[in-house]
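Next up, model.cif (mmCIF, C-alpha atoms):
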```cif
data_start
loop_
_atom_site.group_PDB
_atom_site.id
_atom_site.type_symbol
_atom_site.label_atom_id
_atom_site.label_comp_id
_atom_site.auth_asym_id
_atom_site.auth_seq_id
_atom_site.Cartn_x
_atom_site.Cartn_y
_atom_site.Cartn_z
ATOM 1 C CA MET A 262 49.470 142.344 136.137
ATOM 2 C CA THR A 263 48.647 139.600 138.613
ATOM 3 C CA HIS A 264 51.279 138.112 140.862
ATOM 4 C CA VAL A 265 50.382 135.119 142.982
ATOM 5 C CA THR A 266 52.807 134.367 145.800
ATOM 6 C CA PRO A 267 53.537 130.643 145.652
ATOM 7 C CA ALA A 268 53.471 128.213 148.527
ATOM 8 C CA PRO A 269 57.021 126.899 149.065
ATOM 9 C CA GLU A 270 56.216 123.548 147.439
ATOM 10 C CA ALA A 271 54.048 124.883 144.611
ATOM 11 C CA PRO A 272 55.686 125.293 141.212
ATOM 12 C CA THR A 273 55.173 128.722 139.697
ATOM 13 C CA LEU A 274 54.541 129.201 135.998
ATOM 14 C CA MET A 275 55.377 132.508 134.370
ATOM 15 C CA VAL A 276 52.596 133.567 132.007
ATOM 16 C CA LEU A 277 53.818 136.220 129.571
ATOM 17 C CA ASN A 278 51.662 138.275 127.245
ATOM 18 C CA GLY A 279 53.076 140.445 124.503
ATOM 19 C CA PRO A 280 52.023 143.625 122.750
ATOM 20 C CA ASN A 281 48.423 144.789 122.623
ATOM 21 C CA LEU A 282 47.141 141.958 124.802
ATOM 22 C CA ASN A 283 46.451 144.564 127.481
ATOM 23 C CA LEU A 284 43.584 145.562 125.153
ATOM 24 C CA LEU A 285 41.873 142.160 125.187
ATOM 25 C CA GLY A 286 38.125 142.516 125.335
ATOM 26 C CA THR A 287 38.124 145.776 123.387
ATOM 27 C CA ARG A 288 40.577 145.252 120.507
ATOM 28 C CA GLN A 289 39.129 143.282 117.594
ATOM 29 C CA PRO A 290 36.674 141.216 119.654
ATOM 30 C CA GLU A 291 35.630 139.429 116.454
ATOM 31 C CA ILE A 292 39.102 137.849 116.452
ATOM 32 C CA TYR A 293 40.131 137.820 120.126
ATOM 33 C CA GLY A 294 36.769 137.625 121.907
ATOM 34 C CA ALA A 295 35.313 139.611 124.773
ATOM 35 C CA ASP A 296 37.469 138.281 127.611
ATOM 36 C CA THR A 297 39.892 140.764 129.151
ATOM 37 C CA LEU A 298 43.486 140.213 130.197
ATOM 38 C CA ALA A 299 42.249 140.087 133.814
ATOM 39 C CA ASP A 300 39.905 137.251 132.779
ATOM 40 C CA VAL A 301 42.831 135.401 131.188
ATOM 41 C CA GLU A 302 44.971 135.844 134.293
ATOM 42 C CA ARG A 303 42.149 134.566 136.520
ATOM 43 C CA LEU A 304 41.676 131.553 134.212
ATOM 44 C CA CYS A 305 45.391 130.769 134.391
ATOM 45 C CA ALA A 306 45.453 131.070 138.194
ATOM 46 C CA GLU A 307 42.394 128.839 138.609
ATOM 47 C CA THR A 308 43.771 126.231 136.211
ATOM 48 C CA ALA A 309 47.174 126.209 137.905
ATOM 49 C CA ALA A 310 45.594 125.910 141.362
ATOM 50 C CA ARG A 311 43.728 122.761 140.264
ATOM 51 C CA HIS A 312 47.144 121.249 139.543
ATOM 52 C CA GLY A 313 48.864 122.462 142.705
ATOM 53 C CA ALA A 314 50.720 125.280 140.962
ATOM 54 C CA THR A 315 50.608 129.059 140.874
ATOM 55 C CA VAL A 316 51.102 131.639 138.151
ATOM 56 C CA ASP A 317 53.007 134.871 137.801
ATOM 57 C CA CYS A 318 51.211 136.778 135.014
ATOM 58 C CA ARG A 319 52.855 139.676 133.212
ATOM 59 C CA GLN A 320 52.169 141.718 130.082
ATOM 60 C CA SER A 321 54.355 144.147 128.181
ATOM 61 C CA ASN A 322 54.271 145.955 124.883
ATOM 62 C CA HIS A 323 58.098 146.065 124.964
ATOM 63 C CA GLU A 324 60.216 143.282 123.538
ATOM 64 C CA GLY A 325 63.190 143.909 125.845
ATOM 65 C CA GLN A 326 60.970 143.658 128.927
ATOM 66 C CA LEU A 327 59.709 140.267 127.752
ATOM 67 C CA VAL A 328 63.307 139.135 127.227
ATOM 68 C CA ASP A 329 64.213 140.250 130.757
ATOM 69 C CA TRP A 330 61.264 138.335 132.201
ATOM 70 C CA ILE A 331 62.246 135.192 130.272
ATOM 71 C CA HIS A 332 65.719 135.479 131.805
ATOM 72 C CA GLU A 333 64.111 135.853 135.235
ATOM 73 C CA ALA A 334 61.934 132.784 134.635
ATOM 74 C CA ARG A 335 65.017 130.643 134.039
ATOM 75 C CA ALA A 336 65.994 130.964 137.689
ATOM 76 C CA GLY A 337 62.704 131.220 139.541
ATOM 77 C CA HIS A 338 59.895 129.536 137.611
ATOM 78 C CA ALA A 339 59.009 125.990 136.666
ATOM 79 C CA ALA A 340 57.640 126.731 133.182
ATOM 80 C CA ILE A 341 56.738 129.543 130.791
ATOM 81 C CA VAL A 342 53.425 130.059 129.041
ATOM 82 C CA ILE A 343 53.844 132.793 126.452
ATOM 83 C CA ASN A 344 51.607 134.579 124.012
ATOM 84 C CA PRO A 345 54.199 136.670 122.188
ATOM 85 C CA ALA A 346 51.468 138.231 120.019
ATOM 86 C CA ALA A 347 52.961 140.125 117.052
ATOM 87 C CA TYR A 348 56.488 139.402 118.307
ATOM 88 C CA SER A 349 55.855 135.772 117.334
ATOM 89 C CA HIS A 350 56.442 136.711 113.734
ATOM 90 C CA THR A 351 59.339 139.139 114.157
ATOM 91 C CA SER A 352 61.384 138.455 117.265
ATOM 92 C CA VAL A 353 64.580 136.505 117.047
ATOM 93 C CA ALA A 354 65.380 138.091 120.438
ATOM 94 C CA LEU A 355 62.482 136.223 122.090
ATOM 95 C CA LEU A 356 63.530 133.018 120.350
ATOM 96 C CA ASP A 357 67.105 133.424 121.581
ATOM 97 C CA ALA A 358 65.961 134.169 125.146
ATOM 98 C CA LEU A 359 63.631 131.154 125.204
ATOM 99 C CA ALA A 360 66.396 128.955 123.791
ATOM 100 C CA THR A 361 68.388 129.594 126.994
ATOM 101 C CA CYS A 362 65.643 128.000 129.120
ATOM 102 C CA ASP A 363 67.241 124.556 129.160
ATOM 103 C CA GLY A 364 64.710 121.962 130.257
ATOM 104 C CA LEU A 365 62.074 124.545 131.207
ATOM 105 C CA PRO A 366 58.766 123.774 129.483
ATOM 106 C CA VAL A 367 57.748 126.622 127.168
ATOM 107 C CA ILE A 368 54.172 126.596 125.914
ATOM 108 C CA GLU A 369 53.326 129.097 123.163
ATOM 109 C CA VAL A 370 49.709 130.275 123.010
ATOM 110 C CA HIS A 371 47.758 132.146 120.358
ATOM 111 C CA ILE A 372 44.129 133.103 120.888
ATOM 112 C CA SER A 373 43.407 133.022 117.164
ATOM 113 C CA ASN A 374 44.492 130.392 114.674
ATOM 114 C CA ILE A 375 47.491 132.190 113.186
ATOM 115 C CA HIS A 376 47.502 129.741 110.252
ATOM 116 C CA ARG A 377 44.089 130.957 109.074
ATOM 117 C CA ARG A 378 45.089 134.593 109.138
ATOM 118 C CA GLU A 379 47.334 136.772 106.995
ATOM 119 C CA PRO A 380 50.304 134.900 105.488
ATOM 120 C CA PHE A 381 52.879 136.883 107.500
ATOM 121 C CA ARG A 382 51.321 135.440 110.700
ATOM 122 C CA HIS A 383 51.829 131.828 109.617
ATOM 123 C CA HIS A 384 55.419 131.704 110.850
ATOM 124 C CA SER A 385 56.385 132.041 114.494
ATOM 125 C CA TYR A 386 60.038 132.340 115.460
ATOM 126 C CA VAL A 387 59.054 131.496 119.035
ATOM 127 C CA SER A 388 57.730 128.078 118.006
ATOM 128 C CA ALA A 389 61.269 126.843 117.414
ATOM 129 C CA ALA A 390 61.919 127.114 121.170
ATOM 130 C CA ALA A 391 58.475 125.967 122.324
ATOM 131 C CA THR A 392 57.757 122.601 123.864
ATOM 132 C CA ALA A 393 54.193 122.893 122.557
ATOM 133 C CA VAL A 394 52.066 125.372 120.611
ATOM 134 C CA ILE A 395 48.349 125.984 121.145
ATOM 135 C CA ALA A 396 46.487 128.154 118.640
ATOM 136 C CA GLY A 397 42.898 128.918 117.744
ATOM 137 C CA CYS A 398 41.216 127.873 121.001
ATOM 138 C CA GLY A 399 40.405 131.390 122.136
ATOM 139 C CA VAL A 400 41.400 132.264 125.677
ATOM 140 C CA HIS A 401 40.708 128.638 126.621
ATOM 141 C CA GLY A 402 44.094 127.979 125.012
ATOM 142 C CA TYR A 403 45.701 129.515 128.103
ATOM 143 C CA ALA A 404 43.998 126.944 130.334
ATOM 144 C CA LEU A 405 45.196 124.190 128.010
ATOM 145 C CA ALA A 406 48.723 125.612 128.104
ATOM 146 C CA VAL A 407 48.818 125.859 131.900
ATOM 147 C CA GLU A 408 47.387 122.367 132.222
ATOM 148 C CA HIS A 409 49.918 120.957 129.774
ATOM 149 C CA ALA A 410 52.821 122.689 131.539
ATOM 150 C CA CYS A 411 51.633 121.256 134.875
ATOM 151 C CA ARG A 412 51.376 117.774 133.399
ATOM 152 C CA LEU A 413 54.894 118.043 131.993
ATOM 153 C CA LEU A 414 56.163 119.134 135.400
ATOM 154 C CA ALA A 415 54.347 116.249 137.116
ATOM 155 C CA THR A 416 55.855 113.660 134.773
ATOM 156 C CA GLY A 417 59.340 115.162 134.950
#
```
Could you render the structure from this file as structure tokens?
Amino acid sequence: MTHVTPAPEAPTLMVLNGPNLNLLGTRQPEIYGADTLADVERLCAETAARHGATVDCRQSNHEGQLVDWIHEARAGHAAIVINPAAYSHTSVALLDALATCDGLPVIEVHISNIHRREPFRHHSYVSAAATAVIAGCGVHGYALAVEHACRLLATG
């Protein structure tokens, strides 16, 4: 988990990663690639810095922990970038938590293209609360998500 302490004027984006993403780089590299979670966090931090922002990256295999962090983001973060992983397809709790983030940009990210995978992965509950969804761009999708969140923040 990487935590970057923001400058007072810098918006901070919470970057949340769900179950099994701690295994990036070793779990199914034919689907998820060789980059590790540390690589993803570094990419997010570098992308945010180019836009005058910082990131607060967190990963959990536990749904309730992700819900708690979403609640925390409501009060102390400018946007949420979330890869809910398998919880995308099962978690009404994440949807409900994200739905409380009034006006906070929420960008959903998937490393793989969930629409080209097994049919049960084609639906994401989280998408209903997302401002934007990025899928199938590999870990580069995180950079796109951070960049898009920063652009939304810049344009109000």
* **Nearest to Leu284 (chain A), chosen from A:Asp357, A:Asp329, A:Asp300, A:Glu307, with all atoms listed in the file counted in the distances** =>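 Result for the nearest residue to Leu284 (chain A): A:Asp300.
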Give the padded box for region 338-354 of chain A as JSON: axis-aligned, covering all atoms listed in the file, 3 Å on each side, centre and edge lengths in Å to one decimal.
```
{"center_x": 58.4, "center_y": 133.1, "center_z": 125.7, "size_x": 19.9, "size_y": 20.1, "size_z": 29.9}
```
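Here CA of Leu356 (chain A) is placed at a distance of 11.2 Å from CA of Glu324 (chain A).
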As a check of understanding, name the residues that the PyMOL selection byres ((chain A and resi 391) around 9) selects in the supplied structure, as a compact mmCIF listing (two decimals) with C-alpha atoms, keeping the file's coordinate frame.
```
# COMPACT_ATOMS: atom_id res chain seq x y z
CA LEU A 356 63.53 133.02 120.35
CA LEU A 359 63.63 131.15 125.20
CA ALA A 360 66.40 128.96 123.79
CA PRO A 366 58.77 123.77 129.48
CA VAL A 367 57.75 126.62 127.17
CA ILE A 368 54.17 126.60 125.91
CA GLU A 369 53.33 129.10 123.16
CA VAL A 387 59.05 131.50 119.04
CA SER A 388 57.73 128.08 118.01
CA ALA A 389 61.27 126.84 117.41
CA ALA A 390 61.92 127.11 121.17
CA THR A 392 57.76 122.60 123.86
CA ALA A 393 54.19 122.89 122.56
CA VAL A 394 52.07 125.37 120.61
```
* Asked: Between CA of Ala339 (chain A) and CA of Leu285 (chain A), what is the spacing in Å?
  -> 26.2 Å
* **Residue nearest Gly313 (chain A) - candidates A:Ala346, A:Ile372, A:Ala271, A:Leu365, atoms counted: all atoms listed in the file** =>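 Closest candidate: A:Ala271.
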* Asked: Nearest to Arg377 (chain A): which of A:Gly397, A:Leu355, A:Val342, A:Gly364 is it, counting all atoms listed in the file?
  ->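 Answer, going by the shortest atom-to-atom distance: A:Gly397.
Residues of protein, DNA or RNA having at least one counted atom within 7 Å of (58.9, 136.6, 114.6), given all atoms listed in the file, are Tyr348, Ser349, His350, Thr351, Ser352, Val353, Ser385, Tyr386 and Val387 of chain A.
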* Asked: Within 9 Å of Val276 (chain A), counting all atoms listed in the file, which residues qualify if same-chain residues fewer than 3 places away don't, as an NGL selection string?
  -> :A and (302 or 305 or 316-320 or 340-344 or 403 or 407)
* Quick one: everything within 10 Å of Asn281 (chain A), counting all atoms listed in the file, minus sequence neighbours fewer than 6 positions away in the same chain. Send it as a list of chain:residue names. =>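 After dropping sequence-adjacent residues, the list is A:Arg288, A:Gln320, A:Ser321, A:Asn322, A:Pro345, A:Ala346, A:Ala347.
Coordinates place CA of Asp363 (chain A) at a distance of 26.8 Å from CA of Val301 (chain A).
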* **Residue with smallest distance to Gly402 (chain A) - pool A:Leu414, A:Gly325, A:Pro272, A:Thr308, counting only C-alpha atoms** =>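 The answer is A:Thr308, which sits nearest to Gly402 (chain A).
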* To do: Tell me which protein, DNA and RNA residues are within 8 Å of Cys411 (chain A), counting only C-alpha atoms, leaving out same-chain ones fewer than 2 positions away, and put them as a PyMOL selection string.
  => chain A and resi 309+312+314+407-409+413-415
* To do: Spell out the residues picked by the PyMOL selection byres ((chain A and resi 338) around 7) here, as a list in words.
  => Pro272, Thr273, Leu274, Met275, Ala334, Arg335, Ala336, Gly337, Ala339 and Ala340 of chain A
Selected residues written out with C-alpha atoms, as a short mmCIF file (atom, residue, chain, number, x, y, z; two decimals), in the frame of the given file:
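The result, written out as result.cif:
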```cif
data_model
loop_
_atom_site.label_atom_id
_atom_site.label_comp_id
_atom_site.auth_asym_id
_atom_site.auth_seq_id
_atom_site.Cartn_x
_atom_site.Cartn_y
_atom_site.Cartn_z
CA PRO A 272 55.69 125.29 141.21
CA THR A 273 55.17 128.72 139.70
CA LEU A 274 54.54 129.20 136.00
CA MET A 275 55.38 132.51 134.37
CA ALA A 334 61.93 132.78 134.64
CA ARG A 335 65.02 130.64 134.04
CA ALA A 336 65.99 130.96 137.69
CA GLY A 337 62.70 131.22 139.54
CA ALA A 339 59.01 125.99 136.67
CA ALA A 340 57.64 126.73 133.18
#
```
* Structure fact -> Among A:Ser373, A:Gln326, A:Thr416, A:Thr315, Gln289 (chain A) is approached most closely, using only C-alpha atoms, by A:Ser373
* Distance query Gly286 (chain A) at most 10 Å, only C-alpha atoms, self and fewer than 4 positions along chain excluded, as a count of residues only -> 11
